[in-house]
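> So I've got this file, protein05.txt, and it contains compact mmCIF, C-alpha atoms (C1' of nucleotides):
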```txt
# COMPACT_ATOMS: atom_id res chain seq x y z
CA MET A 1 0.00 0.00 0.00
CA GLU A 2 2.79 2.35 0.88
CA GLU A 3 4.20 1.78 -2.55
CA ILE A 4 0.84 2.64 -4.08
CA VAL A 5 0.78 5.87 -2.17
CA ARG A 6 4.25 6.66 -3.41
CA ARG A 7 3.47 5.73 -7.00
CA THR A 8 0.13 7.51 -7.21
CA GLY A 9 0.49 10.42 -4.85
CA LEU A 10 -2.89 9.53 -3.43
CA THR A 11 -3.64 8.85 0.21
CA PRO A 12 -4.88 5.45 1.37
CA ARG A 13 -8.05 7.14 2.51
CA ALA A 14 -8.71 8.57 -0.94
CA ILE A 15 -8.09 5.20 -2.56
CA ARG A 16 -10.50 3.45 -0.24
CA TYR A 17 -13.00 6.21 -0.95
CA TYR A 18 -12.70 5.65 -4.67
CA GLU A 19 -13.30 1.98 -4.18
CA GLU A 20 -16.27 2.76 -1.96
CA MET A 21 -17.69 5.04 -4.65
CA GLY A 22 -17.32 2.32 -7.23
CA LEU A 23 -14.51 3.89 -9.22
CA LEU A 24 -12.42 0.80 -8.65
CA SER A 25 -13.64 -2.73 -8.90
CA PRO A 26 -13.02 -4.26 -5.45
CA SER A 27 -9.32 -4.97 -5.47
CA GLY A 28 -7.67 -8.30 -4.75
CA ARG A 29 -6.74 -9.04 -1.16
CA THR A 30 -4.22 -11.08 0.75
CA ALA A 31 -5.49 -13.93 2.94
CA GLY A 32 -5.64 -11.45 5.80
CA GLY A 33 -7.58 -8.83 3.90
CA PHE A 34 -4.84 -6.44 2.82
CA ARG A 35 -5.48 -4.83 -0.53
CA LEU A 36 -3.32 -5.78 -3.46
CA PHE A 37 -3.15 -3.64 -6.56
CA THR A 38 -2.21 -4.77 -10.02
CA ASP A 39 -0.34 -2.46 -12.34
CA ALA A 40 -3.55 -1.95 -14.24
CA GLU A 41 -5.26 -0.78 -11.09
CA ILE A 42 -2.44 1.61 -10.33
CA ALA A 43 -2.79 2.97 -13.84
CA GLN A 44 -6.46 3.42 -13.19
CA LEU A 45 -5.72 5.36 -10.03
CA LEU A 46 -3.40 7.64 -11.96
CA ARG A 47 -6.11 8.03 -14.54
CA ILE A 48 -8.56 9.09 -11.86
CA LYS A 49 -6.11 11.66 -10.58
CA GLU A 50 -5.52 12.95 -14.09
CA LEU A 51 -9.19 13.32 -14.85
CA GLN A 52 -9.68 15.05 -11.53
CA THR A 53 -6.90 17.59 -11.64
CA LEU A 54 -6.55 18.02 -15.37
CA LEU A 55 -10.11 18.02 -16.56
CA GLY A 56 -11.69 18.98 -13.30
CA PHE A 57 -14.14 16.12 -13.38
CA SER A 58 -16.15 15.21 -10.33
CA LEU A 59 -15.83 11.66 -9.08
CA ALA A 60 -19.24 10.93 -10.56
CA GLU A 61 -18.08 12.10 -13.98
CA ILE A 62 -14.89 10.13 -13.61
CA LYS A 63 -16.91 7.09 -12.77
CA GLU A 64 -18.88 7.54 -15.97
CA THR A 65 -15.71 7.98 -17.94
CA LEU A 66 -14.19 4.85 -16.47
CA GLN A 67 -17.36 2.94 -17.17
CA ALA A 68 -17.21 4.18 -20.72
CA ASP A 69 -13.66 2.87 -20.86
CA ALA A 70 -14.81 -0.45 -19.51
CA ALA A 71 -17.56 -0.52 -22.08
CA ARG A 72 -14.97 0.17 -24.73
CA ALA A 73 -12.87 -2.71 -23.46
CA GLU A 74 -15.90 -4.98 -23.56
CA ILE A 75 -16.61 -3.83 -27.04
CA ARG A 76 -13.07 -4.69 -28.05
CA GLN A 77 -13.53 -8.05 -26.43
CA ALA A 78 -16.80 -8.67 -28.17
CA TYR A 79 -15.28 -7.42 -31.38
CA GLN A 80 -12.52 -10.01 -31.18
CA GLN A 81 -15.02 -12.81 -30.78
CA ALA A 82 -17.60 -11.61 -33.21
CA THR A 83 -17.23 -13.13 -36.64
CA ASP A 84 -20.20 -11.39 -38.15
CA PRO A 85 -19.08 -8.19 -39.88
CA ALA A 86 -22.46 -6.53 -39.27
CA THR A 87 -22.19 -7.09 -35.52
CA ARG A 88 -18.64 -5.84 -35.61
CA LEU A 89 -19.77 -2.73 -37.40
CA GLY A 90 -22.27 -2.00 -34.67
CA LEU A 91 -19.62 -2.41 -32.00
CA ILE A 92 -17.27 -0.09 -33.81
CA GLU A 93 -19.96 2.51 -34.05
CA GLN A 94 -20.66 2.29 -30.35
CA ALA A 95 -16.98 2.74 -29.56
CA THR A 96 -16.78 5.65 -31.96
CA SER A 97 -19.66 7.35 -30.25
CA LEU A 98 -17.95 7.07 -26.89
CA ALA A 99 -14.68 8.41 -28.22
CA GLN A 100 -16.43 11.30 -29.91
CA THR A 101 -18.01 12.38 -26.67
CA ARG A 102 -14.63 12.43 -25.00
CA VAL A 103 -12.92 14.29 -27.79
CA ARG A 104 -15.66 16.88 -27.80
CA ILE A 105 -15.20 17.61 -24.11
CA ILE A 106 -11.46 17.81 -24.47
CA ASN A 107 -11.56 20.08 -27.50
CA GLU A 108 -13.95 22.45 -25.83
CA ARG A 109 -11.65 22.80 -22.87
CA MET A 110 -8.63 23.11 -25.11
CA ALA A 111 -10.18 25.94 -27.07
CA ARG A 112 -10.92 27.99 -24.01
CA LEU A 113 -7.55 27.26 -22.50
CA THR A 114 -5.85 28.30 -25.70
CA LYS A 115 -7.66 31.59 -25.63
CA LEU A 116 -6.50 32.25 -22.11
CA GLN A 117 -2.99 31.23 -23.03
CA GLU A 118 -2.84 33.65 -25.92
CA GLU A 119 -4.02 36.49 -23.75
CA VAL A 120 -1.38 35.92 -21.15
CA GLU A 121 1.41 35.42 -23.65
CA GLN A 122 0.55 38.60 -25.48
CA SER A 123 0.63 40.37 -22.18
CA LEU A 124 4.05 38.86 -21.54
CA ALA A 125 5.28 39.96 -24.93
CA ARG A 126 4.22 43.51 -24.28
CA LEU A 127 5.94 43.48 -20.92
CA SER A 128 9.08 42.13 -22.47
CA ALA A 129 9.11 44.87 -25.10
CA ARG A 130 8.71 47.50 -22.43
CA HIS A 131 11.47 45.91 -20.46
CA GLU A 132 13.91 46.08 -23.35
CA GLN A 133 12.96 49.65 -24.06
CA LEU A 134 13.55 50.67 -20.47
CA LEU A 135 16.93 49.02 -20.47
CA ARG A 136 17.86 51.10 -23.51
CA GLU A 137 16.60 54.26 -21.85
CA LEU A 138 18.68 53.54 -18.81
CA ALA A 139 21.74 52.84 -20.90
CA GLU A 140 21.35 56.23 -22.57
CA GLN A 141 20.67 58.18 -19.43
CA GLN A 142 23.31 56.59 -17.24
CA PRO A 143 26.01 55.06 -19.38
CA ASN A 144 28.07 54.29 -16.25
CA ASP A 145 25.45 51.99 -14.67
CA ASN A 146 25.58 48.92 -16.85
CA GLY A 147 24.65 45.23 -16.46
CA GLN A 148 22.94 43.42 -13.53
CA ALA A 149 19.56 44.80 -14.36
CA HIS A 150 17.72 41.80 -12.95
CA GLY A 151 16.59 41.42 -9.36
CA GLN A 152 15.04 43.91 -7.00
CA VAL A 153 15.37 47.61 -7.49
CA ARG A 154 16.58 49.13 -4.27
CA GLU A 155 15.85 52.67 -3.10
CA LYS A 156 18.56 54.84 -1.64
CA PRO A 157 18.49 54.82 2.19
CA MET B 1 -29.56 41.57 -10.14
CA GLU B 2 -31.68 39.36 -12.33
CA GLU B 3 -29.80 40.71 -15.27
CA ILE B 4 -26.53 39.83 -13.59
CA VAL B 5 -27.73 36.31 -13.08
CA ARG B 6 -28.65 36.12 -16.72
CA ARG B 7 -25.39 37.60 -17.94
CA THR B 8 -23.11 35.57 -15.71
CA GLY B 9 -24.94 32.31 -15.21
CA LEU B 10 -24.21 32.59 -11.51
CA THR B 11 -26.78 32.52 -8.73
CA PRO B 12 -27.30 35.49 -6.41
CA ARG B 13 -26.16 33.32 -3.54
CA ALA B 14 -22.89 32.50 -5.26
CA ILE B 15 -22.28 36.14 -6.03
CA ARG B 16 -22.87 37.13 -2.44
CA TYR B 17 -20.59 34.34 -1.34
CA TYR B 18 -17.82 35.62 -3.60
CA GLU B 19 -18.22 39.04 -2.12
CA GLU B 20 -18.17 37.56 1.35
CA MET B 21 -14.97 35.69 0.54
CA GLY B 22 -13.36 38.87 -0.69
CA LEU B 23 -13.27 38.00 -4.37
CA LEU B 24 -15.23 41.14 -5.13
CA SER B 25 -14.65 44.49 -3.59
CA PRO B 26 -17.92 45.40 -1.84
CA SER B 27 -20.13 46.47 -4.69
CA GLY B 28 -21.98 49.76 -4.96
CA ARG B 29 -25.48 49.88 -3.55
CA THR B 30 -28.68 51.77 -4.08
CA ALA B 31 -29.94 53.99 -1.25
CA GLY B 32 -31.92 51.01 0.02
CA GLY B 33 -29.01 48.62 -0.05
CA PHE B 34 -29.56 46.78 -3.33
CA ARG B 35 -26.35 45.79 -5.04
CA LEU B 36 -25.34 47.52 -8.23
CA PHE B 37 -22.75 46.04 -10.54
CA THR B 38 -20.62 47.89 -13.01
CA ASP B 39 -19.63 46.25 -16.27
CA ALA B 40 -16.15 45.77 -14.86
CA GLU B 41 -17.59 43.84 -11.94
CA ILE B 42 -19.65 41.68 -14.24
CA ALA B 43 -16.51 40.97 -16.21
CA GLN B 44 -14.82 40.00 -12.97
CA LEU B 45 -17.65 37.61 -12.16
CA LEU B 46 -17.23 35.98 -15.55
CA ARG B 47 -13.53 35.78 -14.91
CA ILE B 48 -14.16 34.01 -11.63
CA LYS B 49 -16.39 31.50 -13.36
CA GLU B 50 -13.82 30.93 -16.06
CA LEU B 51 -10.99 30.36 -13.61
CA GLN B 52 -13.20 28.00 -11.67
CA THR B 53 -14.53 25.79 -14.42
CA LEU B 54 -11.70 26.06 -16.90
CA LEU B 55 -8.63 25.98 -14.73
CA GLY B 56 -10.24 24.29 -11.76
CA PHE B 57 -9.01 26.89 -9.33
CA SER B 58 -10.36 27.03 -5.81
CA LEU B 59 -11.89 30.30 -4.72
CA ALA B 60 -8.77 30.94 -2.67
CA GLU B 61 -6.58 30.54 -5.74
CA ILE B 62 -8.94 32.70 -7.74
CA LYS B 63 -8.69 35.33 -5.07
CA GLU B 64 -4.93 35.28 -5.36
CA THR B 65 -5.16 35.54 -9.12
CA LEU B 66 -7.52 38.47 -8.92
CA GLN B 67 -5.29 40.16 -6.41
CA ALA B 68 -2.41 39.60 -8.75
CA ASP B 69 -4.49 41.25 -11.46
CA ALA B 70 -5.23 44.14 -9.19
CA ALA B 71 -1.56 44.40 -8.37
CA ARG B 72 -0.86 44.42 -12.08
CA ALA B 73 -3.37 47.23 -12.55
CA GLU B 74 -1.72 49.17 -9.76
CA ILE B 75 1.60 48.55 -11.33
CA ARG B 76 0.33 49.96 -14.60
CA GLN B 77 -0.99 52.92 -12.71
CA ALA B 78 2.28 53.46 -10.90
CA TYR B 79 4.09 52.92 -14.15
CA GLN B 80 2.20 55.74 -15.80
CA GLN B 81 3.10 58.11 -13.03
CA ALA B 82 6.64 57.03 -12.46
CA THR B 83 9.14 59.08 -14.37
CA ASP B 84 12.18 57.28 -13.11
CA PRO B 85 13.12 54.51 -15.59
CA ALA B 86 14.68 52.41 -12.82
CA THR B 87 11.43 52.37 -10.87
CA ARG B 88 9.55 51.57 -14.02
CA LEU B 89 11.88 48.71 -14.69
CA GLY B 90 11.16 47.27 -11.28
CA LEU B 91 7.43 47.52 -11.86
CA ILE B 92 7.73 45.82 -15.21
CA GLU B 93 9.67 42.99 -13.65
CA GLN B 94 7.04 42.50 -11.00
CA ALA B 95 4.31 42.34 -13.60
CA THR B 96 6.36 39.94 -15.68
CA SER B 97 6.81 37.63 -12.75
CA LEU B 98 3.07 37.48 -12.18
CA ALA B 99 2.34 36.80 -15.83
CA GLN B 100 5.00 34.10 -15.98
CA THR B 101 3.43 32.24 -13.11
CA ARG B 102 0.10 32.24 -14.88
CA VAL B 103 1.51 31.19 -18.21
CA ARG B 104 3.40 28.35 -16.57
CA ILE B 105 0.24 26.96 -15.02
CA ILE B 106 -1.66 27.26 -18.25
CA ASN B 107 1.06 25.68 -20.36
CA GLU B 108 1.37 22.75 -18.02
CA ARG B 109 -2.32 22.10 -18.25
CA MET B 110 -2.31 22.57 -22.01
CA ALA B 111 0.48 20.06 -22.45
CA ARG B 112 -1.29 17.37 -20.54
CA LEU B 113 -4.58 18.12 -22.20
CA THR B 114 -2.93 17.91 -25.60
CA LYS B 115 -1.55 14.50 -24.73
CA LEU B 116 -4.99 13.30 -23.76
CA GLN B 117 -6.44 14.77 -26.91
CA GLU B 118 -3.94 12.99 -29.13
CA GLU B 119 -4.66 9.69 -27.48
CA VAL B 120 -8.36 9.97 -28.05
CA GLU B 121 -8.02 11.18 -31.60
CA GLN B 122 -5.70 8.35 -32.51
CA SER B 123 -8.21 6.00 -31.04
CA LEU B 124 -10.86 7.63 -33.21
CA ALA B 125 -8.69 7.29 -36.28
CA ARG B 126 -8.21 3.57 -35.67
CA LEU B 127 -11.92 3.13 -35.18
CA SER B 128 -12.62 4.97 -38.37
CA ALA B 129 -10.21 2.78 -40.30
CA ARG B 130 -11.84 -0.33 -38.91
CA HIS B 131 -15.19 1.05 -39.80
CA GLU B 132 -14.22 1.60 -43.42
CA GLN B 133 -12.69 -1.82 -43.62
CA LEU B 134 -15.81 -3.45 -42.27
CA LEU B 135 -17.93 -1.64 -44.78
CA ARG B 136 -15.76 -3.03 -47.55
CA GLU B 137 -16.01 -6.53 -46.11
CA LEU B 138 -19.77 -6.25 -46.00
CA ALA B 139 -19.89 -4.97 -49.57
CA GLU B 140 -17.89 -7.99 -50.71
CA GLN B 141 -19.87 -10.53 -48.74
CA GLN B 142 -23.31 -9.19 -49.49
CA PRO B 143 -23.22 -7.16 -52.67
CA ASN B 144 -26.99 -6.79 -52.51
CA ASP B 145 -27.02 -4.95 -49.17
CA ASN B 146 -25.60 -1.58 -50.06
CA GLY B 147 -25.80 1.95 -48.66
CA GLN B 148 -27.36 3.24 -45.41
CA ALA B 149 -24.66 1.73 -43.26
CA HIS B 150 -25.08 4.28 -40.51
CA GLY B 151 -27.42 3.94 -37.55
CA GLN B 152 -28.28 0.86 -35.56
CA VAL B 153 -27.64 -2.62 -36.80
CA ARG B 154 -30.77 -4.66 -36.44
CA GLU B 155 -30.88 -8.39 -35.83
CA LYS B 156 -33.34 -10.61 -37.67
CA PRO B 157 -36.45 -11.26 -35.54
C1' DC C 1 -50.53 55.07 -1.40
C1' DC C 2 -50.83 49.92 -2.39
C1' DG C 3 -49.55 45.71 -3.76
C1' DC C 4 -46.25 42.65 -5.02
C1' DA C 5 -42.16 40.95 -6.95
C1' DA C 6 -37.21 41.47 -6.22
C1' DT C 7 -33.44 41.79 -2.94
C1' DA C 8 -30.83 41.72 1.61
C1' DT C 9 -29.43 39.39 5.64
C1' DG C 10 -28.80 35.77 8.61
C1' DA C 11 -28.90 30.99 9.84
C1' DC C 12 -29.05 26.45 8.95
C1' DG C 13 -28.53 22.51 5.71
C1' DC C 14 -26.34 19.81 2.24
C1' DT C 15 -23.06 17.45 -1.00
C1' DC C 16 -18.50 16.33 -2.21
C1' DA C 17 -14.18 14.49 -1.22
C1' DC C 18 -11.84 13.22 1.70
C1' DG C 19 -9.12 13.59 7.03
C1' DG C 20 -8.40 11.54 11.37
C1' DA C 21 -8.79 8.74 15.45
C1' DA C 22 -10.02 4.34 17.55
C1' DA C 23 -10.04 -0.57 17.80
C1' DA C 24 -8.80 -4.73 15.83
C1' DG C 25 -6.31 -7.60 12.97
C1' DT C 26 -2.05 -8.68 9.77
C1' DG C 27 2.96 -9.15 7.91
C1' DT C 28 7.46 -9.67 8.95
C1' DG C 29 12.22 -9.24 10.47
C1' DT C 30 14.77 -11.28 14.20
C1' DA D 1 7.32 -16.26 19.36
C1' DC D 2 7.65 -11.30 19.71
C1' DA D 3 7.75 -6.77 18.64
C1' DC D 4 6.26 -3.41 15.82
C1' DA D 5 4.92 -1.15 11.90
C1' DC D 6 1.26 -1.45 8.51
C1' DT D 7 -3.74 -2.12 7.21
C1' DT D 8 -8.65 -2.61 7.78
C1' DT D 9 -13.17 -1.10 9.09
C1' DT D 10 -16.07 2.12 11.37
C1' DC D 11 -17.50 6.36 12.43
C1' DC D 12 -17.36 11.01 13.22
C1' DG D 13 -15.30 15.52 11.57
C1' DT D 14 -14.09 19.08 8.22
C1' DG D 15 -13.77 22.60 4.67
C1' DA D 16 -15.33 24.33 0.35
C1' DG D 17 -19.11 26.03 -2.14
C1' DC D 18 -23.02 26.97 -2.39
C1' DG D 19 -28.79 25.88 -1.66
C1' DT D 20 -32.64 27.02 1.00
C1' DC D 21 -35.67 28.81 4.05
C1' DA D 22 -37.35 32.71 7.11
C1' DT D 23 -37.81 37.41 7.82
C1' DA D 24 -37.35 42.09 6.73
C1' DT D 25 -36.88 45.71 3.40
C1' DT D 26 -36.93 47.94 -1.02
C1' DG D 27 -38.30 49.34 -5.81
C1' DC D 28 -41.87 50.28 -8.77
C1' DG D 29 -46.17 50.01 -11.76
C1' DG D 30 -50.91 51.31 -11.24
```
Represent the supplied structure as structure tokens.


Amino acid sequence: MEEIVRRTGLTPRAIRYYEEMGLLSPSGRTAGGFRLFTDAEIAQLLRIKELQTLLGFSLAEIKETLQADAARAEIRQAYQQATDPATRLGLIEQATSLAQTRVRIINERMARLTKLQEEVEQSLARLSARHEQLLRELAEQQPNDNGQAHGQVREKP
Amino acid sequence: MEEIVRRTGLTPRAIRYYEEMGLLSPSGRTAGGFRLFTDAEIAQLLRIKELQTLLGFSLAEIKETLQADAARAEIRQAYQQATDPATRLGLIEQATSLAQTRVRIINERMARLTKLQEEVEQSLARLSARHEQLLRELAEQQPNDNGQAHGQVREKP
DNA sequence: CCGCAATATGACGCTCACGGAAAAGTGTGT
DNA sequence: ACACACTTTTCCGTGAGCGTCATATTGCGG
């Protein structure tokens, strides 16, 4: 468990909570009842964290997403065993629908984030230009005070 | 107020809460005590919402961000009035530092979102390829059943 | 001036996502 | 076999972010 905490950055309490909320299928246990996590389950925990912090999903939304993933896995499974091309086609279309939903959410967020990003970077560019200009002004006005322009500006005492 | 609700998508309660938490400087009031919002304050409310849903900031973090913005505004103000290039330089550097912090956060999030996006879109591409292939297989196997491949696949009753 | 919807101010409640302590059991190096 | 740290379950607690009354004003058309 300690290793899981180290590898996921989650607390044991949070992990148990996720299991309680049905985000994890009840994990394997030792004879005594200690939880054992497979690599796949650790990956799933990381996925949960990612969806939480990166996309800002609630645990309920994450649960849906994970269930969609599971559905996708089942579809893949069914796809492997299906010999009928028509059935396979239906499965593919289901999977496509799921993926499209996800990509739509992501793109929406990306678009808005990009807008924000551009704003801030333009602001930075303007600041940088001003900075350069001021350095030139200083160089003109006080040709003796050169270099070391970075850091705090200190007033005379 | 109703107009504010309409324009921001926030509830009156939320707005009051933001004010209570110090995210808004106490707004102007009518003689009777009804709140009056300027366009700038409405913009700030929208900003709060954006930072919340898009970047997943807590109200505390949003407060910091807004204070940073205010600081930036003050810096601009001070910049206008400062005649000393050295002082101006210091102000510019402060503003730059604030903007850099923001851009770092945004870029980090963008990078991870982009990764997620690529994954899903590759998955979509594979699905699409499979879909095409299956359509070809069906065309070969049953040359009589053509067209209208989209929608649900129906089993024989 | 009246009536009535809109708003203000508490105060309490609620959901989400855990945190933390207690009591009991487990794994493990020596 | 022991010591001792690690886990488990249970249950209560917490903080954020509002929702929801209740009650009191306020604004405003008629």

> Env of C:DC4: 12 Å cut, atoms = all atoms listed in the file, seq-sep filter 3 positions within chain, self excluded. Answer as a VMD selection string.

chain D and resid 26 to 30

> Take the residues that were just selected and, keeping C-alpha atoms (C1' of nucleotides), output them as a short mmCIF file (atom, residue, chain, number, x, y, z; two decimals), in the frame of the given file.


```
data_model
loop_
_atom_site.label_atom_id
_atom_site.label_comp_id
_atom_site.auth_asym_id
_atom_site.auth_seq_id
_atom_site.Cartn_x
_atom_site.Cartn_y
_atom_site.Cartn_z
"C1'" DT D 26 -36.93 47.94 -1.02
"C1'" DG D 27 -38.30 49.34 -5.81
"C1'" DC D 28 -41.87 50.28 -8.77
"C1'" DG D 29 -46.17 50.01 -11.76
"C1'" DG D 30 -50.91 51.31 -11.24
#
```

> Please identify all polymer residues within 12 Å of D:DC11, counting all atoms listed in the file, omitting same-chain residues fewer than 4 positions from it, and present them as a ChimeraX atom specification.

/C:20-23

> Should the cut-off be 8 Å, what would the residue list for chain A against chain C look like, counting all atoms listed in the file, as an MDAnalysis selection string?

chainID A and resid 13:14 17 32 34

> Just the number, please: distance in Å from atom CA of A:Gln100 to atom CA of B:Leu124, one decimal.

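Computing it gives 7.4 Å between the two atoms.
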
> Write out as a ChimeraX atom specification every residue belonging to chain A that has an atom at most 8 Å from any atom of chain B, counting all atoms listed in the file.

/A:53-56,85-90,92-93,95-96,99-100,102-103,106-107,109-110,112-114,116-117,120-121,123-124,127-128,130-131,134-135,137-138,152-153

> As a PDB file with C-alpha atoms (C1' of nucleotides), keeping the file's coordinate frame, could you give me every residue of chain D near chain B (at most 10 Å apart, counting only C-alpha atoms (C1' of nucleotides))?


```
ATOM      1  C1'  DA D  16     -15.330  24.330   0.350  1.00  0.00           C
ATOM      2  C1'  DG D  17     -19.110  26.030  -2.140  1.00  0.00           C
ATOM      3  C1'  DC D  18     -23.020  26.970  -2.390  1.00  0.00           C
ATOM      4  C1'  DG D  19     -28.790  25.880  -1.660  1.00  0.00           C
ATOM      5  C1'  DT D  25     -36.880  45.710   3.400  1.00  0.00           C
ATOM      6  C1'  DT D  26     -36.930  47.940  -1.020  1.00  0.00           C
ATOM      7  C1'  DG D  27     -38.300  49.340  -5.810  1.00  0.00           C
TER       8       DG D  27
END
```

> Give me, please, the distance in Å between atom CA of A:Asp39 and atom CA of A:Glu61, quoted to one decimal.

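These atoms are spaced 23.0 Å apart.
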
> Could you state the separation of atom CA of A:Leu36 and atom C1' of D:DC4 in Å, given to one decimal place?

21.7 Å

> Let me make sure I understand: among A:Thr8, A:Thr101, A:Gln81, A:Gln44, which one has the smallest atom-to-atom distance to A:Leu24 if we use only C-alpha atoms?

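Of the candidates, the smallest distance to A:Leu24 is held by A:Gln44.
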
> In the coordinate frame of the file, compute which residues have an atom within 10 Å of (3.9, 2.0, 7.9) when using all atoms listed in the file, and state them as a ChimeraX atom specification.

/A:1-2 /D:4-7

> Leaving out B:Ser27 and any residue of its chain fewer than 5 positions from it, which residues lie within 9 Å of it when counting all atoms listed in the file, given as a ChimeraX atom specification?

/B:19,35-38,41

> Using C-alpha atoms, can you write the selected residues to a file as a short mmCIF file (atom, residue, chain, number, x, y, z; two decimals), in the frame of the given file?


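Result file follows (part.cif):
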```
data_model
loop_
_atom_site.label_atom_id
_atom_site.label_comp_id
_atom_site.auth_asym_id
_atom_site.auth_seq_id
_atom_site.Cartn_x
_atom_site.Cartn_y
_atom_site.Cartn_z
CA GLU B 19 -18.22 39.04 -2.12
CA ARG B 35 -26.35 45.79 -5.04
CA LEU B 36 -25.34 47.52 -8.23
CA PHE B 37 -22.75 46.04 -10.54
CA THR B 38 -20.62 47.89 -13.01
CA GLU B 41 -17.59 43.84 -11.94
#
```
